[in-house]
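Here the structure is laid out as structure tokens; the discussion comes afterwards.
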Amino acid sequence: MKKKNINSKILYFTAFIAVLVMGGCESYLDQEPQDQLSETVYFQSAQQFENAANYFYTRLGFEDGDEASDLSNNFTPGETTDLARGGISTPTSDSDWDNNYTYLRAPNQLIEKAAEYEGDPSEIAASVGTAYFFRAWHHFKLLRKFGGVPIVTSSLDVSAEVLYAPRNSRYEVVYQILADLDEAIAKLPTANTVEQGMLSTEAAKAFKARICLYEGTWDKYVGTETDGDGSSKGAGSAKPSGYPSVNELLTEAKNLASQVMTSGAFELWDHREDIGDDHLFYLFTLEDAGSNPAGLTKADNKEFIFQTVYDFTLGQIRQNISHSKPWGPTRKLMDMYLAADGLPVQHSAVFEGYDLMTSEFRNRDMRLTSFVKEPLVKYWGHGSSTDGGGAQYGVDFEDSGVEFDYRYVPQLGGPGGGRGAGYEGRKFVTEYRLRETREESFNYPLIRYAEVLLIYAEATCELNGGTIDNSDLDKSINLIRERSGVAPLSNELIAPYSDLTMLGEIRRERAIELFGENFRFDDLKRWGIAADELNMDVCLNYVDGTEFETAENPKDPGSLIYQEDGWSYGTIDSEQSSSTYAGIANTKEGALILDPTSLHTWSYANYLSGIPTDEITLNPELKQNPGW
């Protein structure tokens, strides 16, 4: 008898039975699994279907991303950094492969049981729509990492042919995902009728818009480059009959985004009047009224369309998020942030340069000033004592009752530790007094309204050959720029500058807005520029010829902030390009090198990850990706 494949766990999966005790009237966070009931006595009522569908949400998590990308200063040794540099090391096993195939069984089973349901189909429509959404969700996670993979649309037994079958092509996988999302869109309720955090038809439309943009641009800029022949390497390039063209995919992305935009169900977070210019920081650390100075709660967040819901009592994030302080920017990202006049730093009349430690923070995008610590400015820590302890709203730092110097001093002693070197990020870093390390409980955005606006703008620009009307900018990207304190993007604004293009500026907005939310590597790949963008020097602050060169550390009198001996790669000695897009400022002489281009070997092989060798051993029909 042949051994099973796809993953070594798929037929041993029993956790689905946990849905049997999930009360539909309770929060779907507040659930404990049991296994004393069997499938044969379940799926008899609409409530049981709802309970089963609620269980799918427990597979969601905190999907931090972008570490070690061209925009991130998080270069901790290990697998993530090696992959970001272009290392090729075929895994024996892979948790993403294992988990997503394991997770597919439960939605497949619900869909199968729905066909046997003897009641009114409308009673279970929302539950079935949820199952179709999650089936698409897990297939897409596999597609992003591995390309074409075996499609699984049944709950499987040991005789199922798919267990021993070749990989489906990426086009076949996408076709299945789109079909599943059509089912989800038709069956899910509207957003104004569901509990916050639960799926809606608008969420399914937003997700389908994401898929259409992703695959439309992949097809346009990458094509079959990573597919292999399907016989000796890769998953091949077979396309189902009726597979949409690039233009059809981009048109669908635009139309679906527009439908979400006009639904009135969601809006951008903008609480400048309540909180001030730092309001964006609190969007990503929002818990209860104690988590921000305006007393806002998660109910005030209308931007997150689909989210992982956490709760201090029922389900904390349980990761070392605030303490490890991830998502710090590189020199490249710092210069991608616009000046307040809407122009890049190399063209702006209000940009103040780099001479002083604080110069580059003046007259800038609120996404920079909200998410990046400014030298010698005071910031609250979190919990009872970390970095002086959490925020005491309405109390000045000097009146906190804590003997602590709250001023932020840049870590320029060297890249040791890999986090916060040069610039320290604040996105997803709590300042709550009642949250110690690993107790953070803010929700994580899996799909948010800002992304939908970006999808609309990018798809429109791609469809129009790189152009977009000001009216389309005003209904999409300029809403994001306005809440970030940045002048609107227009054709007239960029016309005087030969290095600026509309598509380049839209991509810039996407990089800035979604930084740290697990999009960057996928975006670079689908645009076909990953190797070029990732095989450059990764740099940090300008130190040569600036205040940093001689600035004393106020927390360590007699020592300098910048310790030249700690930086083995030194500074760059001549101006160089930082991007394939000429509209992003060049990196000038004197910038610290965090990770040199000599360590980066990205190629098309890195666009996909290797299929785990254990899976190929179990099923030799799974052909390895090209280059692995």
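We label chains A, B, ... in the order they appear in the structure tokens, count residues from 1 in each chain, and number ligands from 1 in the order shown.
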Write out as a ChimeraX atom specification the residues lying within 10 Å of Leu376 (chain A), counting only C-alpha atoms and excluding same-chain residues fewer than 3 positions away.
/A:357-358,373,379,405-410,553-554
For the selection you just gave me, I'd like the residues written to a file as a short mmCIF file (atom, residue, chain, number, x, y, z; two decimals), in the first residue's frame, keeping C-alpha atoms.
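Result saved to out_18.cif:
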data_model
loop_
_atom_site.label_atom_id
_atom_site.label_comp_id
_atom_site.auth_asym_id
_atom_site.auth_seq_id
_atom_site.Cartn_x
_atom_site.Cartn_y
_atom_site.Cartn_z
CA MET A 357 19.50 63.51 14.35
CA THR A 358 15.94 64.82 14.19
CA LYS A 373 10.89 56.69 17.32
CA TYR A 379 8.10 57.48 24.81
CA ASP A 405 14.83 58.53 31.50
CA TYR A 406 12.10 58.02 28.90
CA ARG A 407 14.12 59.57 26.09
CA TYR A 408 14.79 57.32 23.12
CA VAL A 409 18.46 57.04 22.21
CA PRO A 410 19.14 55.31 18.87
CA ASN A 553 24.75 59.57 24.63
CA PRO A 554 22.75 61.47 27.28
#
Using DSSP assignments from the backbone, pull out every residue in region 423-621 of chain A that falls under alpha helix (DSSP H) and give it to me as number ranges by chain.
A: 449-463, 470-474, 477-483, 491-494, 502-513, 520-526, 530-534, 613-618
With a cut-off of 12 Å, could you pull out the residues of region 380-485 of chain A touching region 240-246 of chain A and give me the nearest pair of atoms for each, distance in Å to one decimal, using only C-alpha atoms, ordered by chain and ascending number, as CSV?
residue,atom,partner,partner_atom,distance
A:Ala459,CA,A:Val246,CA,10.5
A:Glu462,CA,A:Val246,CA,9.9
A:Leu463,CA,A:Val246,CA,9.2
Counting only C-alpha atoms, which of A:Val345, A:Met334, A:Ala203, A:Val174 gets nearest to Leu446 (chain A)?
A:Ala203
Who sits within 10 Å of region 483-500 of chain A, only C-alpha atoms, same chain under 3 positions skipped, as a ChimeraX atom specification
/A:268-272,277-280,337-344,347,363-370,467-474,477-480,503-506,513,581-585
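Candidate residues A:Phe361, A:Trp327, A:Trp380, A:Tyr354 were compared for distance to Glu517 (chain A), and the nearest is A:Trp327, using only C-alpha atoms.
Distances here use only C-alpha atoms; by that measure, the residue among A:Val152, A:Leu199, A:Ala84, A:Ile317 closest to Arg435 (chain A) is A:Ile317.
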